[in-house]
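Asks: I have a structure here, written as structure tokens, and I will follow up with some questions on it.
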Amino acid sequence: MSSDVGVCLRHYRELVKSGRYKASSREAAECLSLLFGRSIAVGEEMRLDELMPKPRAHRVYDSPLELLTAGWPTPLLKVSGPPKEAYAKLEWYNPFSASVKDRTVYYLLRSVEGERVVEVSSGNVAVALAAVGNVLGKKVKVYIPTAGRYVAPFLDFLGVEYQVLDVSMTVEALEHLQKDIREGAVHPNQFGNDLNFIAHLRTAAELDWQLSSVGRRPDYIIAGLGTSGHASALGFYFGVKYGTKLIGVQPRDWIPGVRRVETGMKWIPLVEAEIVEVSLREALEGVREFARKTGLLIGPSAGAVYKAFTAQRHDGVYVLIFPDSLMKYALLLEQLR
Ligand code: PLP
């Protein structure tokens with residue numbers, strides 16, 4: 001799969017368009033197996049609604065991992081409109097890193113066969129890997145760029161090894177992994193592993209199901225770009241199904257969790273997207289405006305998404321992806337005062 005995600009997307013496109021799809025070749029069966037997270041045989045027919053999580057109505061769970069796998073969907077909150085109607089997807093309701101990255105990391109870690117895992121991350125992935133790694137019995141080590149050091153206390157409590165590096169971007173930390181890899185650690189590689197993108201192809205069905213329950217389909221999705229896995233997958237699914245337009249948010253200067261497109265992203269080229277820019281100052285203004293309107297403390301990149309939404313001129317149904325909340329950023333905010 002990691003060799004050619006495009007091949008798999010052909011099968012996924014048909015599944016999304018028709019609502020069901022028969023794995024009539026080995027290639028199709030392999031793609032569907034990756035998507036559905038279980039082994040699917042040639043000849044088996046899958047339904048799109050089976051991609052959705054099966055929530056526990058009473059929210060009683062047997063294991064920490066079930067908080068993730070049976071705790072979905074994360075809430076979808078109507079925040080404005082019509083005529084410019086918006087629904088925010090509150091991803092800090094994921095249990096481990098309190099961010100969208102629980103989904104990615106769960107998919108990535110399940111595919112890792114060895115016991116030792118090494119990764120670079122500026123924040124949420126580090127926490128999610130440490131947490132899910134504890135549950136799955138993996139020994140995790142993370143390298144963090146300087147700007148991500150605000151997650152260090154969480155990593156201490158979770159008991160994983162980490163090293164803060166004197167580099168400004170997560171991708172620049174990649175070379176530091178080589179020694180660990182030579183010594184047998186597996187690198188899940190959130191920037192290049194298609195399972196990151198695939199995790200969110202499932203999320204898309206979840207969001208579709210939520211919106212359909214209130215009779216809506218999105219005209220626009222606004223999401224921040226980090227690895228681009230999340231935004232690209234949502235853009236692909238909703239683009240195929242409803243012709244939805246993706247608006248990707250990149251930082252003008254620096255906003256934790258998101259990057260500029262020219263720094264290199266694997267999946268955004270697979271979809272059509274309009275790219276908009278938001279500065280850190282504007283993003284924090286977005287956080288402030290949203291907190292005063294709703295009482296909810298959203299993370300800086302969610303603030304950027306909200307700010308990008310307020311700048312939009314067109315009426316229609318918008319989905320705003322809020323990757324995390326403000327709570328994790330206490331140390332960072334203190335430094336910015
Ligand atoms: N984590 C945070 C804090 C983010 O702000 C974002 C995007 O806005 C993401 C993760 C999503 O990143 P990715 O593009 O890697 O899926």
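Following the order of the structure tokens, first chain is A, next is B, and so on, with residues numbered from 1 inside each chain and ligands from 1 in the order they appear.
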Give me every helix (DSSP H, G or I) residue in stretch 232-311 of chain A, going by DSSP on the backbone, as a ChimeraX atom specification.

Replies: /A:232-242,261-263,268-270,280-294,300-310

Asks: Can you list, as a list in words, every protein, DNA or RNA residue that comes within 8 Å of A:Arg13 when you count only C-alpha atoms, leaving out same-chain residues fewer than 3 positions away?

Replies: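 The residues satisfying every condition are Leu9, Arg10, Val16, Lys17, Tyr237 and Val240 of chain A.
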
Asks: Each residue of chain A lying at most 10 Å from ligand 1 should get a row with its shortest atom-to-atom pair and the distance in Å to one decimal, counting only C-alpha atoms and all ligand atoms; could you produce that, ordered by chain and increasing number, as a tab-separated table?

Replies:
```
residue	atom	partner	partner_atom_place_in_ligand_line	distance
A:Glu91	CA	ligand 1	1 (N)	9.5
A:Trp92	CA	ligand 1	3 (C)	9.7
A:Ser97	CA	ligand 1	1 (N)	9.9
A:Ala98	CA	ligand 1	3 (C)	9.9
A:Ser99	CA	ligand 1	1 (N)	6.7
A:Val100	CA	ligand 1	10 (C)	6.1
A:Lys101	CA	ligand 1	10 (C)	6.0
A:Asp102	CA	ligand 1	10 (C)	9.7
A:Arg103	CA	ligand 1	16 (O)	9.6
A:Thr104	CA	ligand 1	16 (O)	7.8
A:Ser121	CA	ligand 1	1 (N)	10.0
A:Ser122	CA	ligand 1	3 (C)	8.9
A:Gly123	CA	ligand 1	3 (C)	7.3
A:Asn124	CA	ligand 1	1 (N)	5.9
A:Val125	CA	ligand 1	1 (N)	7.7
A:Gln190	CA	ligand 1	15 (O)	7.5
A:Phe191	CA	ligand 1	15 (O)	7.5
A:Asn196	CA	ligand 1	16 (O)	7.5
A:Phe197	CA	ligand 1	16 (O)	7.6
A:Ala199	CA	ligand 1	16 (O)	9.7
A:His200	CA	ligand 1	16 (O)	8.1
A:Ile222	CA	ligand 1	8 (O)	9.4
A:Ala223	CA	ligand 1	8 (O)	5.8
A:Gly224	CA	ligand 1	8 (O)	3.2
A:Leu225	CA	ligand 1	14 (O)	4.1
A:Gly226	CA	ligand 1	14 (O)	3.3
A:Thr227	CA	ligand 1	15 (O)	3.4
A:Ser228	CA	ligand 1	14 (O)	3.3
A:Gly229	CA	ligand 1	16 (O)	4.1
A:His230	CA	ligand 1	16 (O)	3.7
A:Ala231	CA	ligand 1	14 (O)	6.0
A:Ser232	CA	ligand 1	14 (O)	7.8
A:Ala233	CA	ligand 1	16 (O)	8.8
A:Gly248	CA	ligand 1	8 (O)	8.8
A:Val249	CA	ligand 1	8 (O)	7.4
A:Gln250	CA	ligand 1	8 (O)	8.4
A:Pro251	CA	ligand 1	8 (O)	9.8
A:Ile255	CA	ligand 1	5 (O)	7.8
A:Pro256	CA	ligand 1	3 (C)	6.0
A:Gly257	CA	ligand 1	3 (C)	3.8
A:Val258	CA	ligand 1	5 (O)	5.1
A:Arg259	CA	ligand 1	14 (O)	8.3
A:Met265	CA	ligand 1	14 (O)	8.5
A:Lys266	CA	ligand 1	14 (O)	9.9
A:Trp267	CA	ligand 1	14 (O)	9.1
A:Ile268	CA	ligand 1	14 (O)	9.0
A:Gly299	CA	ligand 1	3 (C)	7.0
A:Pro300	CA	ligand 1	5 (O)	7.2
A:Ser301	CA	ligand 1	5 (O)	4.3
A:Ala302	CA	ligand 1	5 (O)	6.4
A:Gly303	CA	ligand 1	5 (O)	9.2
A:Ala304	CA	ligand 1	8 (O)	8.4
A:Val305	CA	ligand 1	8 (O)	7.7
A:Ile321	CA	ligand 1	8 (O)	7.5
A:Phe322	CA	ligand 1	8 (O)	7.1
A:Pro323	CA	ligand 1	4 (C)	5.1
A:Asp324	CA	ligand 1	3 (C)	5.8
A:Ser325	CA	ligand 1	3 (C)	8.5
A:Leu326	CA	ligand 1	3 (C)	9.7
A:Lys328	CA	ligand 1	3 (C)	9.8
```

Asks: With a distance cut-off of 7 Å and only C-alpha atoms, select the neighbouring residues of stretch 69-74 of chain A, excluding the residue or stretch itself and same-chain residues fewer than 5 positions from it, and output the selection as a PDB file with N, CA and C atoms, in the first residue's frame.

Replies:
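Contents of part-v4.pdb, freshly written:
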```pdb
ATOM      1  N   PRO A  53     -17.510   3.909  13.088  1.00  0.00           N
ATOM      2  CA  PRO A  53     -17.315   3.247  14.381  1.00  0.00           C
ATOM      3  C   PRO A  53     -18.637   2.737  14.918  1.00  0.00           C
ATOM      4  N   LYS A  54     -18.556   1.757  15.788  1.00  0.00           N
ATOM      5  CA  LYS A  54     -19.794   1.279  16.430  1.00  0.00           C
ATOM      6  C   LYS A  54     -19.777   1.796  17.871  1.00  0.00           C
ATOM      7  N   PRO A  55     -20.426   2.922  18.097  1.00  0.00           N
ATOM      8  CA  PRO A  55     -20.343   3.515  19.438  1.00  0.00           C
ATOM      9  C   PRO A  55     -21.089   2.707  20.489  1.00  0.00           C
ATOM     10  N   ARG A  56     -20.666   2.838  21.740  1.00  0.00           N
ATOM     11  CA  ARG A  56     -21.363   2.230  22.877  1.00  0.00           C
ATOM     12  C   ARG A  56     -22.351   3.250  23.406  1.00  0.00           C
ATOM     13  N   LYS A  89     -15.904  19.937  14.353  1.00  0.00           N
ATOM     14  CA  LYS A  89     -15.596  18.564  14.781  1.00  0.00           C
ATOM     15  C   LYS A  89     -14.578  18.668  15.911  1.00  0.00           C
ATOM     16  N   LEU A  90     -14.985  18.253  17.095  1.00  0.00           N
ATOM     17  CA  LEU A  90     -14.182  18.494  18.297  1.00  0.00           C
ATOM     18  C   LEU A  90     -13.283  17.288  18.584  1.00  0.00           C
ATOM     19  N   GLU A  91     -12.093  17.321  18.020  1.00  0.00           N
ATOM     20  CA  GLU A  91     -11.218  16.158  18.085  1.00  0.00           C
ATOM     21  C   GLU A  91     -10.472  15.990  19.405  1.00  0.00           C
ATOM     22  N   TYR A  93     -11.862  15.322  21.958  1.00  0.00           N
ATOM     23  CA  TYR A  93     -12.596  14.265  22.658  1.00  0.00           C
ATOM     24  C   TYR A  93     -11.969  12.885  22.466  1.00  0.00           C
ATOM     25  N   ASN A  94     -10.911  12.791  21.684  1.00  0.00           N
ATOM     26  CA  ASN A  94     -10.169  11.526  21.618  1.00  0.00           C
ATOM     27  C   ASN A  94      -9.410  11.340  22.938  1.00  0.00           C
ATOM     28  N   GLU A 206     -17.342   8.687   9.298  1.00  0.00           N
ATOM     29  CA  GLU A 206     -17.945   9.037  10.590  1.00  0.00           C
ATOM     30  C   GLU A 206     -18.573  10.438  10.537  1.00  0.00           C
TER      31      GLU A 206
END
```

Asks: Extract, using only C-alpha atoms, all DNA, RNA and protein residues at most 9 Å from A:Phe238, discarding same-chain residues fewer than 4 positions from it, and format them as a list in words.

Replies: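 Residues near the query, excluding close chain neighbours: Val16, Ala204, Asp208, Arg217, Pro218, Asp219, Ile221, Ala233, Leu234, Tyr242, Gly243, Thr244, Lys245 and Leu246 of chain A.
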
Asks: Only N, CA and C atoms, please: the residues just picked out, written as a PDB file, in the first residue's frame.

Replies:
```pdb
ATOM      1  N   VAL A  16     -17.056   4.830  -1.928  1.00  0.00           N
ATOM      2  CA  VAL A  16     -17.702   6.069  -1.476  1.00  0.00           C
ATOM      3  C   VAL A  16     -18.852   6.442  -2.414  1.00  0.00           C
ATOM      4  N   ALA A 204     -13.696  10.118   7.827  1.00  0.00           N
ATOM      5  CA  ALA A 204     -14.569  10.826   6.899  1.00  0.00           C
ATOM      6  C   ALA A 204     -15.970  10.218   6.907  1.00  0.00           C
ATOM      7  N   ASP A 208     -19.493  12.045   7.861  1.00  0.00           N
ATOM      8  CA  ASP A 208     -20.605  11.994   6.910  1.00  0.00           C
ATOM      9  C   ASP A 208     -21.873  11.512   7.612  1.00  0.00           C
ATOM     10  N   ARG A 217     -24.990  18.164   4.102  1.00  0.00           N
ATOM     11  CA  ARG A 217     -23.769  17.715   3.429  1.00  0.00           C
ATOM     12  C   ARG A 217     -22.878  18.945   3.288  1.00  0.00           C
ATOM     13  N   PRO A 218     -21.574  18.785   3.494  1.00  0.00           N
ATOM     14  CA  PRO A 218     -20.734  19.987   3.531  1.00  0.00           C
ATOM     15  C   PRO A 218     -20.427  20.562   2.151  1.00  0.00           C
ATOM     16  N   ASP A 219     -20.510  21.883   2.047  1.00  0.00           N
ATOM     17  CA  ASP A 219     -20.033  22.557   0.844  1.00  0.00           C
ATOM     18  C   ASP A 219     -18.536  22.822   0.964  1.00  0.00           C
ATOM     19  N   ILE A 221     -14.950  22.184   3.667  1.00  0.00           N
ATOM     20  CA  ILE A 221     -14.298  21.687   4.883  1.00  0.00           C
ATOM     21  C   ILE A 221     -13.064  22.547   5.092  1.00  0.00           C
ATOM     22  N   ALA A 233      -7.607  13.397   3.458  1.00  0.00           N
ATOM     23  CA  ALA A 233      -8.552  12.279   3.451  1.00  0.00           C
ATOM     24  C   ALA A 233      -9.990  12.796   3.473  1.00  0.00           C
ATOM     25  N   LEU A 234     -10.255  13.799   4.306  1.00  0.00           N
ATOM     26  CA  LEU A 234     -11.608  14.359   4.341  1.00  0.00           C
ATOM     27  C   LEU A 234     -11.939  15.012   3.003  1.00  0.00           C
ATOM     28  N   TYR A 242     -19.765  14.500  -2.552  1.00  0.00           N
ATOM     29  CA  TYR A 242     -20.664  15.657  -2.687  1.00  0.00           C
ATOM     30  C   TYR A 242     -20.041  16.830  -3.443  1.00  0.00           C
ATOM     31  N   GLY A 243     -18.832  16.683  -3.935  1.00  0.00           N
ATOM     32  CA  GLY A 243     -18.176  17.817  -4.596  1.00  0.00           C
ATOM     33  C   GLY A 243     -17.759  18.904  -3.606  1.00  0.00           C
ATOM     34  N   THR A 244     -17.572  18.526  -2.361  1.00  0.00           N
ATOM     35  CA  THR A 244     -17.171  19.472  -1.304  1.00  0.00           C
ATOM     36  C   THR A 244     -15.800  20.071  -1.608  1.00  0.00           C
ATOM     37  N   LYS A 245     -15.649  21.356  -1.259  1.00  0.00           N
ATOM     38  CA  LYS A 245     -14.355  22.028  -1.491  1.00  0.00           C
ATOM     39  C   LYS A 245     -13.529  22.018  -0.198  1.00  0.00           C
ATOM     40  N   LEU A 246     -12.255  21.657  -0.326  1.00  0.00           N
ATOM     41  CA  LEU A 246     -11.358  21.650   0.843  1.00  0.00           C
ATOM     42  C   LEU A 246     -10.601  22.974   0.929  1.00  0.00           C
TER      43      LEU A 246
END
```

Asks: Could you give me, as a Markdown table, a per-residue list for stretch 55-97 of chain A showing, wherever an atom lies at most 12 Å from an atom of stretch 130-148 of chain A, the closest pair of atoms and their distance in Å to one decimal, using only C-alpha atoms and sorting by chain then residue number from low to high?

Replies:
```
| residue | atom | partner | partner_atom | distance |
| --- | --- | --- | --- | --- |
| A:Ser63 | CA | A:Val135 | CA | 9.2 |
| A:Pro64 | CA | A:Val135 | CA | 7.4 |
| A:Leu65 | CA | A:Val135 | CA | 7.1 |
| A:Glu66 | CA | A:Val135 | CA | 10.8 |
| A:Leu67 | CA | A:Val132 | CA | 11.3 |
| A:Leu68 | CA | A:Val132 | CA | 9.9 |
| A:Thr69 | CA | A:Val132 | CA | 11.9 |
| A:Asn94 | CA | A:Val132 | CA | 11.7 |
| A:Pro95 | CA | A:Ala131 | CA | 9.5 |
| A:Phe96 | CA | A:Ala131 | CA | 6.0 |
| A:Ser97 | CA | A:Ala131 | CA | 7.4 |
```

Asks: Those selected residues, please, written with N, CA, C and O atoms and delivered as a compact mmCIF listing (two decimals), in the first residue's frame.

Replies:
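Final output, selection_28.txt:
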```txt
# COMPACT_ATOMS: atom_id res chain seq x y z
N SER A 63 -11.85 -1.52 28.13
CA SER A 63 -10.40 -1.32 28.11
C SER A 63 -10.11 0.10 27.64
O SER A 63 -10.95 0.71 26.95
N PRO A 64 -8.93 0.64 27.97
CA PRO A 64 -8.60 2.00 27.53
C PRO A 64 -8.68 2.15 26.01
O PRO A 64 -9.13 3.19 25.50
N LEU A 65 -8.25 1.12 25.29
CA LEU A 65 -8.26 1.22 23.84
C LEU A 65 -9.68 1.37 23.28
O LEU A 65 -9.90 2.03 22.27
N GLU A 66 -10.64 0.76 23.98
CA GLU A 66 -12.03 0.88 23.53
C GLU A 66 -12.56 2.30 23.62
O GLU A 66 -13.50 2.67 22.94
N LEU A 67 -11.95 3.09 24.52
CA LEU A 67 -12.35 4.50 24.58
C LEU A 67 -12.17 5.14 23.21
O LEU A 67 -12.89 6.04 22.82
N LEU A 68 -11.15 4.64 22.50
CA LEU A 68 -10.87 5.17 21.17
C LEU A 68 -11.71 4.46 20.10
O LEU A 68 -12.41 5.08 19.32
N THR A 69 -11.65 3.13 20.11
CA THR A 69 -12.26 2.38 19.00
C THR A 69 -13.79 2.32 19.10
O THR A 69 -14.46 2.14 18.09
N ASN A 94 -10.91 12.79 21.68
CA ASN A 94 -10.17 11.53 21.62
C ASN A 94 -9.41 11.34 22.94
O ASN A 94 -8.87 12.31 23.49
N PRO A 95 -9.35 10.10 23.45
CA PRO A 95 -8.97 9.92 24.86
C PRO A 95 -7.50 10.06 25.23
O PRO A 95 -7.20 10.43 26.36
N PHE A 96 -6.57 9.76 24.36
CA PHE A 96 -5.17 9.65 24.81
C PHE A 96 -4.41 10.99 24.74
O PHE A 96 -4.00 11.51 25.77
N SER A 97 -4.25 11.51 23.53
CA SER A 97 -3.52 12.77 23.40
C SER A 97 -4.48 13.94 23.39
O SER A 97 -4.07 15.08 23.19
```

Asks: Choose the residue, out of A:Glu119, A:Glu14, A:Asp194, A:Glu44, that has the smallest atom-to-atom separation from A:Glu161; count only C-alpha atoms.

Replies: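 Looking at the shortest contact to A:Glu161, the residue is A:Glu119.
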
Asks: Which neighbours of A:Gln312 fall inside 12 Å, counting only C-alpha atoms, when residues of the same chain fewer than 4 positions from it are skipped, and could you give them as a PDB file with C-alpha atoms, in the first residue's frame?

Replies:
```
ATOM      1  CA  LYS A  84     -23.360  30.548   6.594  1.00  0.00           C
ATOM      2  CA  GLU A  85     -23.754  27.425   8.636  1.00  0.00           C
ATOM      3  CA  ALA A  86     -20.832  25.773  10.432  1.00  0.00           C
ATOM      4  CA  TYR A 220     -16.678  23.389   2.474  1.00  0.00           C
ATOM      5  CA  ILE A 221     -14.298  21.687   4.883  1.00  0.00           C
ATOM      6  CA  ILE A 222     -11.702  23.852   6.606  1.00  0.00           C
ATOM      7  CA  ILE A 247      -9.834  24.760   2.366  1.00  0.00           C
ATOM      8  CA  GLU A 274      -7.572  26.082  -1.713  1.00  0.00           C
ATOM      9  CA  VAL A 276      -5.239  29.995   3.006  1.00  0.00           C
ATOM     10  CA  VAL A 305      -9.365  27.263  11.297  1.00  0.00           C
ATOM     11  CA  TYR A 306     -12.040  29.350  12.996  1.00  0.00           C
ATOM     12  CA  LYS A 307     -10.367  32.570  11.848  1.00  0.00           C
ATOM     13  CA  ALA A 308     -10.195  31.217   8.286  1.00  0.00           C
ATOM     14  CA  GLY A 316     -23.210  27.270   2.661  1.00  0.00           C
ATOM     15  CA  VAL A 317     -22.494  24.418   5.040  1.00  0.00           C
ATOM     16  CA  TYR A 318     -18.962  24.454   6.493  1.00  0.00           C
TER      17      TYR A 318
END
```

Asks: So that I can see what lies close to stretch 183-187 of chain A, please list as a list in words the residues with an atom at most 6 Å from it, counting only C-alpha atoms and leaving out residues fewer than 3 positions away in the same chain.

Replies: Arg116, Val117, Val118, Glu119 and Asp180 of chain A

Asks: Looking at A:Val151, A:Leu195, A:Ile275, A:Leu108, which one is nearest to A:Val261, with distances taken over only C-alpha atoms?

Replies: A:Ile275
